[in-house]
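Chemist: What follows is model.csv, made up of CSV, C-alpha atoms:
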chain,number,residue,atom,x,y,z
F,1,MET,CA,0.0,0.0,0.0
F,2,LYS,CA,1.5,3.3,-1.1
F,3,ARG,CA,1.7,6.1,1.5
F,4,VAL,CA,0.8,9.6,0.4
F,5,ALA,CA,1.1,12.8,2.4
F,6,LEU,CA,-1.3,15.7,1.7
F,7,LEU,CA,0.2,19.1,2.5
F,8,ILE,CA,-2.9,20.9,1.6
F,9,GLU,CA,-4.7,23.6,3.7
F,10,THR,CA,-7.9,22.6,5.4
F,11,SER,CA,-8.8,26.1,6.4
F,12,ARG,CA,-10.5,27.2,3.2
F,13,THR,CA,-13.1,25.7,0.9
F,14,TYR,CA,-10.8,25.3,-2.0
F,15,GLY,CA,-8.3,23.3,0.0
F,16,ARG,CA,-11.0,21.1,1.3
F,17,ASP,CA,-12.3,20.6,-2.2
F,18,LEU,CA,-8.9,19.5,-3.3
F,19,LEU,CA,-8.9,16.9,-0.5
F,20,ARG,CA,-12.3,15.7,-1.6
F,21,GLY,CA,-11.0,15.2,-5.2
F,22,VAL,CA,-8.0,13.2,-3.9
F,23,LYS,CA,-10.3,11.1,-1.8
F,24,GLN,CA,-12.6,10.4,-4.8
F,25,TYR,CA,-9.6,9.2,-6.9
F,26,ASN,CA,-8.2,7.1,-4.0
F,27,GLU,CA,-11.5,5.4,-3.4
F,28,SER,CA,-11.8,4.3,-7.1
F,29,HIS,CA,-8.1,3.8,-8.1
F,30,GLY,CA,-5.6,4.3,-5.4
F,31,GLY,CA,-6.1,2.3,-2.2
F,32,TRP,CA,-3.4,4.6,-0.7
F,33,SER,CA,-2.7,5.2,3.0
F,34,LEU,CA,-3.3,9.0,3.2
F,35,PHE,CA,-1.7,11.3,5.8
F,36,VAL,CA,-3.5,14.6,6.2
F,37,GLU,CA,-3.4,17.2,9.1
F,38,VAL,CA,-5.0,20.5,9.9
F,39,ARG,CA,-3.1,23.2,7.9
F,40,ASP,CA,-3.5,26.7,6.4
F,41,LEU,CA,-1.3,28.4,3.8
F,42,GLU,CA,0.8,30.0,6.5
F,43,SER,CA,1.6,26.8,8.3
F,44,ARG,CA,5.3,26.0,8.8
F,45,VAL,CA,7.2,23.0,7.5
F,46,PRO,CA,5.9,20.0,9.5
F,47,PRO,CA,8.6,18.6,11.8
F,48,TRP,CA,8.0,15.0,10.6
F,49,LEU,CA,8.6,15.8,6.9
F,50,SER,CA,12.4,15.5,6.8
F,51,GLY,CA,12.3,11.9,8.1
F,52,TRP,CA,9.3,10.8,6.3
F,53,ASP,CA,9.7,7.6,4.1
F,54,GLY,CA,6.5,7.6,2.2
F,55,ASP,CA,5.9,7.2,-1.5
F,56,GLY,CA,4.5,10.5,-2.7
F,57,ILE,CA,3.4,14.0,-1.8
F,58,LEU,CA,0.6,16.3,-3.0
F,59,SER,CA,1.5,19.9,-1.8
F,60,ARG,CA,0.1,23.4,-1.8
F,61,ALA,CA,3.3,25.2,-0.8
F,62,GLY,CA,2.6,28.4,0.9
F,63,SER,CA,6.3,29.5,0.7
F,64,PRO,CA,9.5,28.6,-1.1
F,65,ARG,CA,10.8,27.1,2.2
F,66,ILE,CA,8.0,24.6,2.3
F,67,TYR,CA,8.3,23.8,-1.4
F,68,GLN,CA,12.0,23.1,-1.0
F,69,ALA,CA,11.4,20.9,2.1
F,70,VAL,CA,8.9,18.9,0.2
F,71,LYS,CA,11.3,18.5,-2.8
F,72,GLU,CA,14.1,17.4,-0.5
F,73,VAL,CA,12.2,14.4,0.7
F,74,GLY,CA,13.0,12.9,-2.7
F,75,VAL,CA,9.7,11.2,-3.5
F,76,PRO,CA,7.3,11.9,-6.4
F,77,MET,CA,5.5,15.1,-5.8
F,78,VAL,CA,2.8,17.2,-7.5
F,79,GLU,CA,2.5,20.9,-6.7
F,80,LEU,CA,-1.0,22.5,-6.5
F,81,ARG,CA,-0.1,26.2,-5.9
F,82,ALA,CA,3.1,27.5,-7.6
F,83,SER,CA,2.9,27.0,-11.4
F,84,GLY,CA,6.4,26.9,-12.6
F,85,GLN,CA,7.5,29.8,-10.4
F,86,ILE,CA,10.0,27.7,-8.3
F,87,ASP,CA,10.9,24.8,-10.5
F,88,PRO,CA,9.3,24.4,-14.0
F,89,ASN,CA,10.2,20.7,-14.0
F,90,VAL,CA,7.9,19.8,-11.1
F,91,PRO,CA,4.4,18.8,-12.2
F,92,PHE,CA,1.7,21.3,-11.5
F,93,VAL,CA,-2.1,20.9,-11.5
F,94,GLY,CA,-4.3,24.0,-10.9
F,95,VAL,CA,-6.9,26.3,-12.2
F,96,ASP,CA,-7.0,27.9,-15.6
F,97,ASN,CA,-7.1,31.5,-14.5
F,98,GLN,CA,-7.3,32.8,-18.1
F,99,VAL,CA,-10.7,31.0,-18.4
F,100,ALA,CA,-11.7,32.3,-14.9
F,101,GLY,CA,-11.2,35.9,-15.8
F,102,ARG,CA,-13.0,35.5,-19.1
F,103,GLN,CA,-16.0,33.8,-17.5
F,104,ALA,CA,-16.3,36.7,-15.0
F,105,ALA,CA,-16.3,39.3,-17.8
F,106,GLU,CA,-18.8,37.4,-19.9
F,107,TYR,CA,-21.1,37.0,-16.9
F,108,PHE,CA,-21.2,40.7,-16.4
F,109,LEU,CA,-21.5,41.4,-20.2
F,110,GLU,CA,-24.5,39.1,-20.4
F,111,ARG,CA,-26.3,41.1,-17.8
F,112,GLY,CA,-25.9,44.3,-19.8
F,113,PHE,CA,-23.2,46.2,-17.8
F,114,LYS,CA,-21.2,48.8,-19.6
F,115,ASN,CA,-19.1,50.1,-16.6
F,116,PHE,CA,-16.6,47.9,-15.0
F,117,GLY,CA,-14.0,47.7,-12.2
F,118,VAL,CA,-11.5,45.2,-10.8
F,119,TYR,CA,-10.3,45.0,-7.2
F,120,GLU,CA,-7.0,43.5,-7.8
F,121,LEU,CA,-4.1,41.8,-5.9
F,122,ASP,CA,-0.7,41.2,-7.4
F,123,THR,CA,0.9,39.0,-4.7
F,124,GLU,CA,0.4,35.8,-6.7
F,125,SER,CA,0.7,35.1,-10.5
F,126,PHE,CA,-2.8,33.5,-10.5
F,127,PHE,CA,-4.4,36.8,-9.2
F,128,VAL,CA,-2.7,38.7,-12.0
F,129,GLU,CA,-3.8,36.2,-14.6
F,130,ARG,CA,-7.4,36.5,-13.5
F,131,ARG,CA,-7.2,40.3,-13.7
F,132,ASP,CA,-5.5,40.4,-17.0
F,133,SER,CA,-8.0,38.0,-18.6
F,134,PHE,CA,-11.0,39.9,-17.2
F,135,VAL,CA,-9.7,43.2,-18.5
F,136,ALA,CA,-8.7,41.8,-21.9
F,137,THR,CA,-12.1,40.2,-22.4
F,138,LEU,CA,-13.8,43.5,-21.6
F,139,ALA,CA,-11.4,45.3,-24.0
F,140,GLU,CA,-12.3,42.9,-26.8
F,141,ALA,CA,-15.9,43.9,-26.2
F,142,GLY,CA,-15.0,47.6,-26.4
F,143,TYR,CA,-15.1,48.5,-22.7
F,144,GLU,CA,-12.5,50.0,-20.3
F,145,CYS,CA,-12.1,48.8,-16.7
F,146,SER,CA,-11.1,50.8,-13.7
F,147,ALA,CA,-8.8,49.2,-11.2
F,148,PHE,CA,-8.0,49.4,-7.5
F,149,LEU,CA,-4.9,47.6,-6.2
F,150,GLN,CA,-5.0,46.1,-2.8
F,151,LYS,CA,-1.8,47.3,-0.9
F,152,GLY,CA,-0.1,46.1,2.2
F,153,HIS,CA,-1.9,44.4,5.1
F,154,SER,CA,-4.9,45.2,7.1
F,155,GLU,CA,-4.3,43.5,10.5
F,156,LYS,CA,-4.4,46.7,12.6
F,157,PRO,CA,-7.6,48.7,13.0
F,158,SER,CA,-5.9,51.9,11.7
F,159,GLN,CA,-4.6,50.1,8.6
F,160,TRP,CA,-8.1,48.6,8.0
F,161,GLU,CA,-9.8,52.0,8.3
F,162,ARG,CA,-7.3,53.7,5.9
F,163,GLN,CA,-7.8,50.9,3.4
F,164,GLN,CA,-11.5,51.0,3.5
F,165,GLN,CA,-11.6,54.8,3.1
F,166,GLN,CA,-9.4,54.5,0.0
F,167,LEU,CA,-11.7,51.7,-1.3
F,168,ILE,CA,-14.8,53.9,-0.7
F,169,GLU,CA,-13.2,56.8,-2.6
F,170,TRP,CA,-12.5,54.4,-5.5
F,171,VAL,CA,-16.1,53.0,-5.4
F,172,GLN,CA,-17.5,56.5,-5.6
F,173,THR,CA,-15.6,57.2,-8.9
F,174,LEU,CA,-17.3,54.3,-10.7
F,175,HIS,CA,-20.0,55.2,-13.2
F,176,GLN,CA,-23.2,53.4,-12.1
F,177,PRO,CA,-24.5,50.8,-12.6
F,178,ALA,CA,-21.1,49.1,-12.5
F,179,ALA,CA,-19.9,45.6,-12.3
F,180,VAL,CA,-16.7,44.8,-10.3
F,181,LEU,CA,-14.6,41.6,-10.1
F,182,ALA,CA,-12.8,41.1,-6.8
F,183,CYS,CA,-9.9,38.8,-7.5
F,184,THR,CA,-10.5,36.9,-4.2
F,185,ASP,CA,-13.5,36.4,-2.0
F,186,GLN,CA,-11.8,38.2,0.8
F,187,LEU,CA,-11.4,41.2,-1.4
F,188,GLY,CA,-15.1,40.8,-2.3
F,189,CYS,CA,-16.1,41.0,1.3
F,190,TRP,CA,-14.0,44.1,1.9
F,191,LEU,CA,-15.6,45.7,-1.2
F,192,LEU,CA,-19.1,45.0,0.0
F,193,ASP,CA,-18.3,46.6,3.3
F,194,ALA,CA,-17.0,49.7,1.5
F,195,CYS,CA,-20.1,49.9,-0.6
F,196,HIS,CA,-22.2,49.6,2.6
F,197,ARG,CA,-20.3,52.4,4.3
F,198,ALA,CA,-20.6,54.6,1.1
F,199,GLY,CA,-24.3,54.1,0.9
F,200,VAL,CA,-24.0,52.4,-2.5
F,201,HIS,CA,-26.7,49.8,-3.2
F,202,VAL,CA,-25.5,46.3,-4.1
F,203,PRO,CA,-26.2,44.9,-6.6
F,204,GLU,CA,-28.4,47.6,-8.2
F,205,GLN,CA,-25.7,50.3,-8.3
F,206,ILE,CA,-22.6,48.1,-8.1
F,207,ALA,CA,-22.6,44.4,-8.7
F,208,VAL,CA,-19.8,42.3,-7.1
F,209,VAL,CA,-18.4,38.9,-7.9
F,210,GLY,CA,-15.5,37.3,-6.1
F,211,VAL,CA,-13.3,34.3,-6.9
F,212,GLU,CA,-13.1,30.9,-5.2
F,213,ASN,CA,-16.6,30.5,-3.8
F,214,ASP,CA,-15.3,30.1,-0.3
F,215,GLU,CA,-18.3,29.3,1.9
F,216,THR,CA,-17.2,31.4,4.8
F,217,PHE,CA,-16.6,34.6,2.9
F,218,ALA,CA,-19.5,34.1,0.5
F,219,THR,CA,-22.2,33.5,3.2
F,220,MET,CA,-20.9,35.8,5.9
F,221,SER,CA,-20.9,38.9,3.7
F,222,THR,CA,-23.9,41.3,3.4
F,223,PRO,CA,-25.4,40.7,0.9
F,224,PRO,CA,-24.1,37.2,0.2
F,225,LEU,CA,-21.3,37.3,-2.3
F,226,SER,CA,-21.5,35.8,-5.8
F,227,SER,CA,-18.3,34.1,-6.7
F,228,LEU,CA,-16.5,32.2,-9.4
F,229,MET,CA,-16.5,28.5,-8.6
F,230,LEU,CA,-13.0,27.1,-8.7
F,231,PRO,CA,-12.8,23.4,-9.8
F,232,GLY,CA,-11.1,22.2,-6.5
F,233,VAL,CA,-12.5,18.7,-6.6
F,234,ALA,CA,-11.5,18.2,-10.3
F,235,VAL,CA,-8.0,19.6,-9.6
F,236,GLY,CA,-7.5,17.3,-6.6
F,237,TYR,CA,-8.6,14.3,-8.6
F,238,ALA,CA,-6.3,15.1,-11.6
F,239,ALA,CA,-3.4,15.7,-9.2
F,240,ALA,CA,-3.9,12.4,-7.5
F,241,GLU,CA,-4.1,10.7,-10.9
F,242,LEU,CA,-0.9,12.3,-12.0
F,243,LEU,CA,0.9,11.4,-8.8
F,244,ASP,CA,-0.3,7.8,-9.1
F,245,ALA,CA,1.3,7.6,-12.6
F,246,MET,CA,4.6,9.0,-11.2
F,247,MET,CA,4.7,6.6,-8.3
F,248,ASN,CA,4.2,3.8,-10.9
F,249,GLY,CA,7.3,4.9,-12.8
F,250,GLU,CA,5.6,6.5,-15.8
F,251,ASP,CA,7.2,9.4,-17.6
F,252,ILE,CA,5.3,12.6,-17.0
F,253,SER,CA,5.2,15.8,-19.0
F,254,PRO,CA,6.3,18.9,-17.0
F,255,ALA,CA,3.6,21.0,-18.7
F,256,PRO,CA,1.1,22.4,-16.2
F,257,VAL,CA,-2.3,20.8,-16.1
F,258,LEU,CA,-4.9,23.6,-16.0
F,259,ILE,CA,-8.6,22.9,-15.4
F,260,PRO,CA,-11.3,25.5,-16.2
F,261,SER,CA,-13.4,27.1,-13.5
F,262,HIS,CA,-17.1,26.2,-13.2
F,263,GLY,CA,-18.6,29.7,-13.8
F,264,VAL,CA,-20.2,32.1,-11.3
F,265,CYS,CA,-22.3,30.9,-8.4
F,266,THR,CA,-24.9,33.8,-8.3
F,267,ARG,CA,-25.9,35.2,-4.9
F,268,LEU,CA,-27.4,38.6,-4.1
F,269,SER,CA,-24.3,40.6,-4.7
F,270,SER,CA,-24.7,40.3,-8.5
F,271,ASP,CA,-28.2,39.0,-8.9
F,272,VAL,CA,-29.4,41.9,-11.1
F,273,LEU,CA,-29.3,43.3,-14.6
F,274,ALA,CA,-27.9,46.7,-15.4
F,275,VAL,CA,-31.1,48.9,-15.0
F,276,ASP,CA,-31.4,52.4,-16.4
F,277,ASP,CA,-35.0,53.1,-15.1
F,278,PRO,CA,-34.6,54.2,-11.5
F,279,LEU,CA,-38.2,53.2,-10.5
F,280,ILE,CA,-37.7,49.7,-11.8
F,281,ALA,CA,-34.3,49.6,-10.1
F,282,ASP,CA,-36.0,50.6,-6.9
F,283,ALA,CA,-38.6,47.8,-7.3
F,284,LEU,CA,-35.9,45.2,-8.0
F,285,ARG,CA,-34.0,46.4,-4.9
F,286,MET,CA,-37.1,45.9,-2.8
F,287,ILE,CA,-37.6,42.4,-4.1
F,288,ARG,CA,-34.0,41.4,-3.4
F,289,GLN,CA,-34.0,42.9,0.1
F,290,GLU,CA,-37.5,42.0,1.2
F,291,ALA,CA,-38.7,38.9,-0.8
F,292,CYS,CA,-37.8,36.6,2.0
F,293,SER,CA,-39.8,38.7,4.5
F,294,GLY,CA,-43.1,38.0,2.7
F,295,LEU,CA,-43.0,40.8,0.2
F,296,ARG,CA,-46.0,41.0,-2.2
F,297,VAL,CA,-46.5,43.0,-5.4
F,298,ASP,CA,-49.1,45.2,-3.7
F,299,ALA,CA,-46.5,46.3,-1.2
F,300,ILE,CA,-44.1,47.4,-4.0
F,301,LEU,CA,-46.9,49.4,-5.6
F,302,SER,CA,-47.7,51.1,-2.3
F,303,ARG,CA,-44.2,52.4,-1.9
F,304,ILE,CA,-43.0,53.1,-5.5
F,305,PRO,CA,-45.0,55.6,-7.7
F,306,VAL,CA,-45.7,53.3,-10.7
F,307,SER,CA,-48.8,51.6,-12.0
F,308,ARG,CA,-49.2,47.8,-11.9
F,309,SER,CA,-48.9,47.7,-15.7
F,310,TYR,CA,-45.8,49.8,-15.7
F,311,LEU,CA,-44.1,47.6,-13.1
F,312,GLU,CA,-45.2,44.5,-15.0
F,313,ARG,CA,-43.9,45.7,-18.3
F,314,GLY,CA,-40.6,47.0,-16.9
F,315,ILE,CA,-39.7,43.9,-15.1
F,316,ARG,CA,-40.8,41.6,-17.9
F,317,ALA,CA,-38.7,43.5,-20.4
F,318,LEU,CA,-35.6,43.0,-18.2
F,319,LEU,CA,-36.2,39.5,-16.8
F,320,HIS,CA,-38.8,37.9,-19.0
F,321,ARG,CA,-40.9,37.1,-16.0
F,322,SER,CA,-43.5,38.8,-13.8
F,323,PRO,CA,-42.8,40.7,-10.5
F,324,HIS,CA,-44.4,37.8,-8.6
F,325,ALA,CA,-42.2,35.3,-10.3
F,326,GLU,CA,-39.1,37.3,-9.5
F,327,ILE,CA,-40.1,37.4,-5.8
F,328,LEU,CA,-40.5,33.6,-5.9
F,329,ARG,CA,-37.2,33.2,-7.7
F,330,VAL,CA,-35.3,35.2,-5.1
F,331,ARG,CA,-36.9,33.2,-2.3
F,332,LEU,CA,-36.0,29.9,-3.9
F,333,GLN,CA,-32.5,31.1,-4.5
F,334,ARG,CA,-32.2,31.8,-0.8
F,335,VAL,CA,-33.7,28.4,0.0
F,336,SER,CA,-31.0,26.8,-2.2
F,337,ASP,CA,-28.3,28.7,-0.3
F,338,LEU,CA,-29.6,27.6,3.0
F,339,LEU,CA,-29.9,24.0,1.9
F,340,ALA,CA,-26.4,23.9,0.7
F,341,ASP,CA,-24.7,25.9,3.4
F,342,THR,CA,-26.6,25.0,6.6
F,343,ASP,CA,-28.3,22.1,8.4
F,344,LEU,CA,-31.4,24.1,9.1
F,345,THR,CA,-34.7,22.2,9.1
F,346,LEU,CA,-37.2,22.9,6.3
F,347,ASP,CA,-39.6,24.5,8.8
F,348,GLU,CA,-36.9,27.0,9.8
F,349,ILE,CA,-35.9,27.6,6.1
F,350,ALA,CA,-39.5,28.2,5.3
F,351,ARG,CA,-39.7,30.7,8.1
F,352,ARG,CA,-36.6,32.5,6.9
F,353,THR,CA,-37.6,32.7,3.3
F,354,GLY,CA,-41.2,33.9,3.4
F,355,PHE,CA,-43.0,30.6,2.8
F,356,ALA,CA,-46.1,29.9,4.8
F,357,THR,CA,-45.2,26.3,5.4
F,358,ALA,CA,-42.5,23.8,4.8
F,359,GLN,CA,-44.8,21.8,2.5
F,360,TYR,CA,-45.5,24.9,0.3
F,361,LEU,CA,-41.7,25.5,0.2
F,362,SER,CA,-41.1,21.9,-0.9
F,363,GLU,CA,-43.8,22.0,-3.6
F,364,SER,CA,-42.5,25.3,-5.0
F,365,PHE,CA,-38.9,24.1,-4.9
F,366,LYS,CA,-39.6,20.8,-6.7
F,367,LYS,CA,-41.8,22.5,-9.3
F,368,ASP,CA,-39.0,25.0,-10.1
F,369,ARG,CA,-35.9,22.8,-9.7
F,370,LYS,CA,-37.3,19.4,-10.6
F,371,ILE,CA,-35.8,18.0,-7.5
F,372,THR,CA,-36.8,17.9,-3.8
F,373,PRO,CA,-35.1,20.0,-1.2
F,374,GLY,CA,-33.7,16.9,0.4
F,375,GLN,CA,-32.3,15.6,-2.8
F,376,TYR,CA,-30.7,19.0,-3.5
F,377,ARG,CA,-29.1,19.1,-0.1
F,378,ARG,CA,-27.6,15.6,-0.5
F,379,GLN,CA,-26.2,16.4,-4.0
F,380,CYS,CA,-24.6,19.5,-2.6
F,381,ARG,CA,-23.0,17.5,0.1
F,382,ILE,CA,-21.3,15.1,-2.4
F,383,GLY,CA,-20.3,17.8,-4.8
F,384,GLN,CA,-22.8,17.1,-7.6
F,385,ILE,CA,-24.2,20.6,-7.4
Here is a file; write its structure as structure tokens.
Modeler:
Amino acid sequence: MKRVALLIETSRTYGRDLLRGVKQYNESHGGWSLFVEVRDLESRVPPWLSGWDGDGILSRAGSPRIYQAVKEVGVPMVELRASGQIDPNVPFVGVDNQVAGRQAAEYFLERGFKNFGVYELDTESFFVERRDSFVATLAEAGYECSAFLQKGHSEKPSQWERQQQQLIEWVQTLHQPAAVLACTDQLGCWLLDACHRAGVHVPEQIAVVGVENDETFATMSTPPLSSLMLPGVAVGYAAAELLDAMMNGEDISPAPVLIPSHGVCTRLSSDVLAVDDPLIADALRMIRQEACSGLRVDAILSRIPVSRSYLERGIRALLHRSPHAEILRVRLQRVSDLLADTDLTLDEIARRTGFATAQYLSESFKKDRKITPGQYRRQCRIGQI
């Protein structure tokens, strides 16, 4: 039985997805003895590594020091973080960030946006690749893109406040409605906070998409953060497959193996089209903010000075569905999020999403999604959704 060490962070969704992919490969092909421990990207070189006599290593090296320590063990290894930056001869499996940036740009273009921004980070090559691909895709479509570069660190309150003030000032320069790609989910959360402080409505005035679909950042932010889904499970599976071939003595090409991202997981931070009509924009804002509180079309009409026919025509022209259908869609999207991200009962989910009963929720969900809430939750748990 081969012994394989997994030096992969367990602190974030992407790292845990990589581990799930390795597990899936091992269950169907490997039969390895896997060694895994709690780690994050800042963890030090594990003390056991220098004397380890296993057969292979899958690594997400957070520093050159860790990378070198892994390499010195002298067993087959596949790197999952640093593509060719340290040693181009070491096999690498990762995300195709050119595709990721293009997908984010196309997502916004499909929603009719004409004003764009990117909240960028240049500490890693893959952040730069995402940004460059995003900007290039917009340029091909004839649009410019404003950029804000994240600088330094934000551990101290004074640093955080200076950073957020600078971010607010940048947000206020964007022509609205604008669409902004944050190159990580953490940046996305900081951007949403800046919008909130500046009194900028998300997503009606500024729509935001992050990258990684990290469950903590995506669900803790207000509103919940839309994010590009990285193919962590597929990357982990492919890396395990490559390592297996290496441990079996096969010749391996040093060319990086890049796997495309899965597109954007839409949450409330970008769940909107670019809307020029301020009254229709106000109506859509009400729906997104209050649909799960039992909002009805009559309540919209009582607070926004439009006729029922004007509201109906305006929303149908944008969304190809009625105001009532849009309210239901927002509720069901929130139901999907709660099924995927929590262990709440259907009764509690119904209470939180404006459905009178759990039975009515189940019937509405199955009619729309062609699957029961329980089946949806199970498929989310095993990575099929």
Chemist: When you draw a straight line from atom CA of Arg3 of chain F to atom CA of Pro88 of chain F, how long is it in Å?
Modeler: 25.2 Å
Chemist: Which of these residues is nearest to Gly15 of chain F, using only C-alpha atoms: F:Pro323, F:Gly232, F:Pro64, F:Gly31?
Modeler: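 Distance minimum relative to Gly15 of chain F lands on F:Gly232.
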Chemist: Looking at only C-alpha atoms, which of F:Leu34, F:Leu284, F:Leu225, F:Val22 is the one that sits closest to Leu319 of chain F?
Modeler: F:Leu284
Chemist: What is the atom CA of Gly263 of chain F to atom CA of Leu230 of chain F distance in Å?
Modeler: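 Calculated distance between atom CA of Gly263 of chain F and atom CA of Leu230 of chain F is 8.0 Å.
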Chemist: Considering only C-alpha atoms, can you say which of F:Tyr25, F:Trp32, F:Tyr310, F:Tyr107 comes closest to Ser226 of chain F?
Modeler: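 The closest residue to Ser226 of chain F is F:Tyr107.
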Chemist: Using all atoms listed in the file, determine which residues lie at most 9 Å from Leu174 of chain F, disregarding the query and same-chain residues fewer than 4 positions distant; provide the list as a PyMOL selection string.
Modeler: chain F and resi 115-117+146+170+178+206
Chemist: Using all atoms listed in the file, find all polymer residues with an atom at most 12 Å away from the point (-2.1, 15.6, -1.8); report them as an NGL selection string.
Modeler: :F and (3-10 or 15-23 or 25-26 or 32-37 or 55-61 or 70 or 76-81 or 92-93 or 233 or 235-244)
Chemist: Starting from the incomplete input, reconstruct all heavy atoms of segment 27-33 of chain F and report them as a PDB file, in the frame of the given file.
Modeler:
ATOM      1  N   GLU F  27     -10.474   6.388  -3.653  1.00  0.00           N
ATOM      2  CA  GLU F  27     -11.500   5.400  -3.400  1.00  0.00           C
ATOM      3  C   GLU F  27     -11.707   4.505  -4.685  1.00  0.00           C
ATOM      4  O   GLU F  27     -12.045   3.321  -4.575  1.00  0.00           O
ATOM      5  CB  GLU F  27     -12.820   6.034  -3.056  1.00  0.00           C
ATOM      6  CG  GLU F  27     -12.811   6.593  -1.633  1.00  0.00           C
ATOM      7  CD  GLU F  27     -14.122   7.256  -1.278  1.00  0.00           C
ATOM      8  OE1 GLU F  27     -14.877   7.629  -2.214  1.00  0.00           O
ATOM      9  OE2 GLU F  27     -14.398   7.422  -0.077  1.00  0.00           O
ATOM     10  N   SER F  28     -11.513   5.090  -5.866  1.00  0.00           N
ATOM     11  CA  SER F  28     -11.800   4.300  -7.100  1.00  0.00           C
ATOM     12  C   SER F  28     -10.538   3.738  -7.738  1.00  0.00           C
ATOM     13  O   SER F  28     -10.639   2.790  -8.509  1.00  0.00           O
ATOM     14  CB  SER F  28     -12.489   5.245  -8.115  1.00  0.00           C
ATOM     15  OG  SER F  28     -11.695   6.386  -8.406  1.00  0.00           O
ATOM     16  N   HIS F  29      -9.342   4.282  -7.419  1.00  0.00           N
ATOM     17  CA  HIS F  29      -8.100   3.800  -8.100  1.00  0.00           C
ATOM     18  C   HIS F  29      -6.956   3.506  -7.186  1.00  0.00           C
ATOM     19  O   HIS F  29      -6.163   2.618  -7.479  1.00  0.00           O
ATOM     20  CB  HIS F  29      -7.648   4.863  -9.126  1.00  0.00           C
ATOM     21  CG  HIS F  29      -8.593   5.121 -10.241  1.00  0.00           C
ATOM     22  ND1 HIS F  29      -9.621   6.031 -10.139  1.00  0.00           N
ATOM     23  CD2 HIS F  29      -8.668   4.605 -11.487  1.00  0.00           C
ATOM     24  CE1 HIS F  29     -10.299   6.058 -11.278  1.00  0.00           C
ATOM     25  NE2 HIS F  29      -9.734   5.210 -12.113  1.00  0.00           N
ATOM     26  N   GLY F  30      -6.819   4.293  -6.108  1.00  0.00           N
ATOM     27  CA  GLY F  30      -5.600   4.300  -5.400  1.00  0.00           C
ATOM     28  C   GLY F  30      -5.404   3.207  -4.342  1.00  0.00           C
ATOM     29  O   GLY F  30      -4.496   2.381  -4.393  1.00  0.00           O
ATOM     30  N   GLY F  31      -6.260   3.229  -3.348  1.00  0.00           N
ATOM     31  CA  GLY F  31      -6.100   2.300  -2.200  1.00  0.00           C
ATOM     32  C   GLY F  31      -4.863   2.755  -1.384  1.00  0.00           C
ATOM     33  O   GLY F  31      -4.210   1.928  -0.736  1.00  0.00           O
ATOM     34  N   TRP F  32      -4.534   4.070  -1.383  1.00  0.00           N
ATOM     35  CA  TRP F  32      -3.400   4.600  -0.700  1.00  0.00           C
ATOM     36  C   TRP F  32      -3.687   4.701   0.832  1.00  0.00           C
ATOM     37  O   TRP F  32      -4.840   4.820   1.242  1.00  0.00           O
ATOM     38  CB  TRP F  32      -2.950   5.943  -1.156  1.00  0.00           C
ATOM     39  CG  TRP F  32      -2.679   6.033  -2.623  1.00  0.00           C
ATOM     40  CD1 TRP F  32      -2.267   5.049  -3.452  1.00  0.00           C
ATOM     41  CD2 TRP F  32      -2.801   7.219  -3.421  1.00  0.00           C
ATOM     42  NE1 TRP F  32      -2.101   5.526  -4.727  1.00  0.00           N
ATOM     43  CE2 TRP F  32      -2.429   6.866  -4.733  1.00  0.00           C
ATOM     44  CE3 TRP F  32      -3.172   8.531  -3.176  1.00  0.00           C
ATOM     45  CZ2 TRP F  32      -2.427   7.780  -5.795  1.00  0.00           C
ATOM     46  CZ3 TRP F  32      -3.172   9.441  -4.209  1.00  0.00           C
ATOM     47  CH2 TRP F  32      -2.796   9.073  -5.512  1.00  0.00           C
ATOM     48  N   SER F  33      -2.636   4.773   1.602  1.00  0.00           N
ATOM     49  CA  SER F  33      -2.700   5.200   3.000  1.00  0.00           C
ATOM     50  C   SER F  33      -2.433   6.743   2.935  1.00  0.00           C
ATOM     51  O   SER F  33      -1.341   7.166   2.543  1.00  0.00           O
ATOM     52  CB  SER F  33      -1.682   4.532   3.859  1.00  0.00           C
ATOM     53  OG  SER F  33      -1.641   5.121   5.145  1.00  0.00           O
TER      54      SER F  33
END
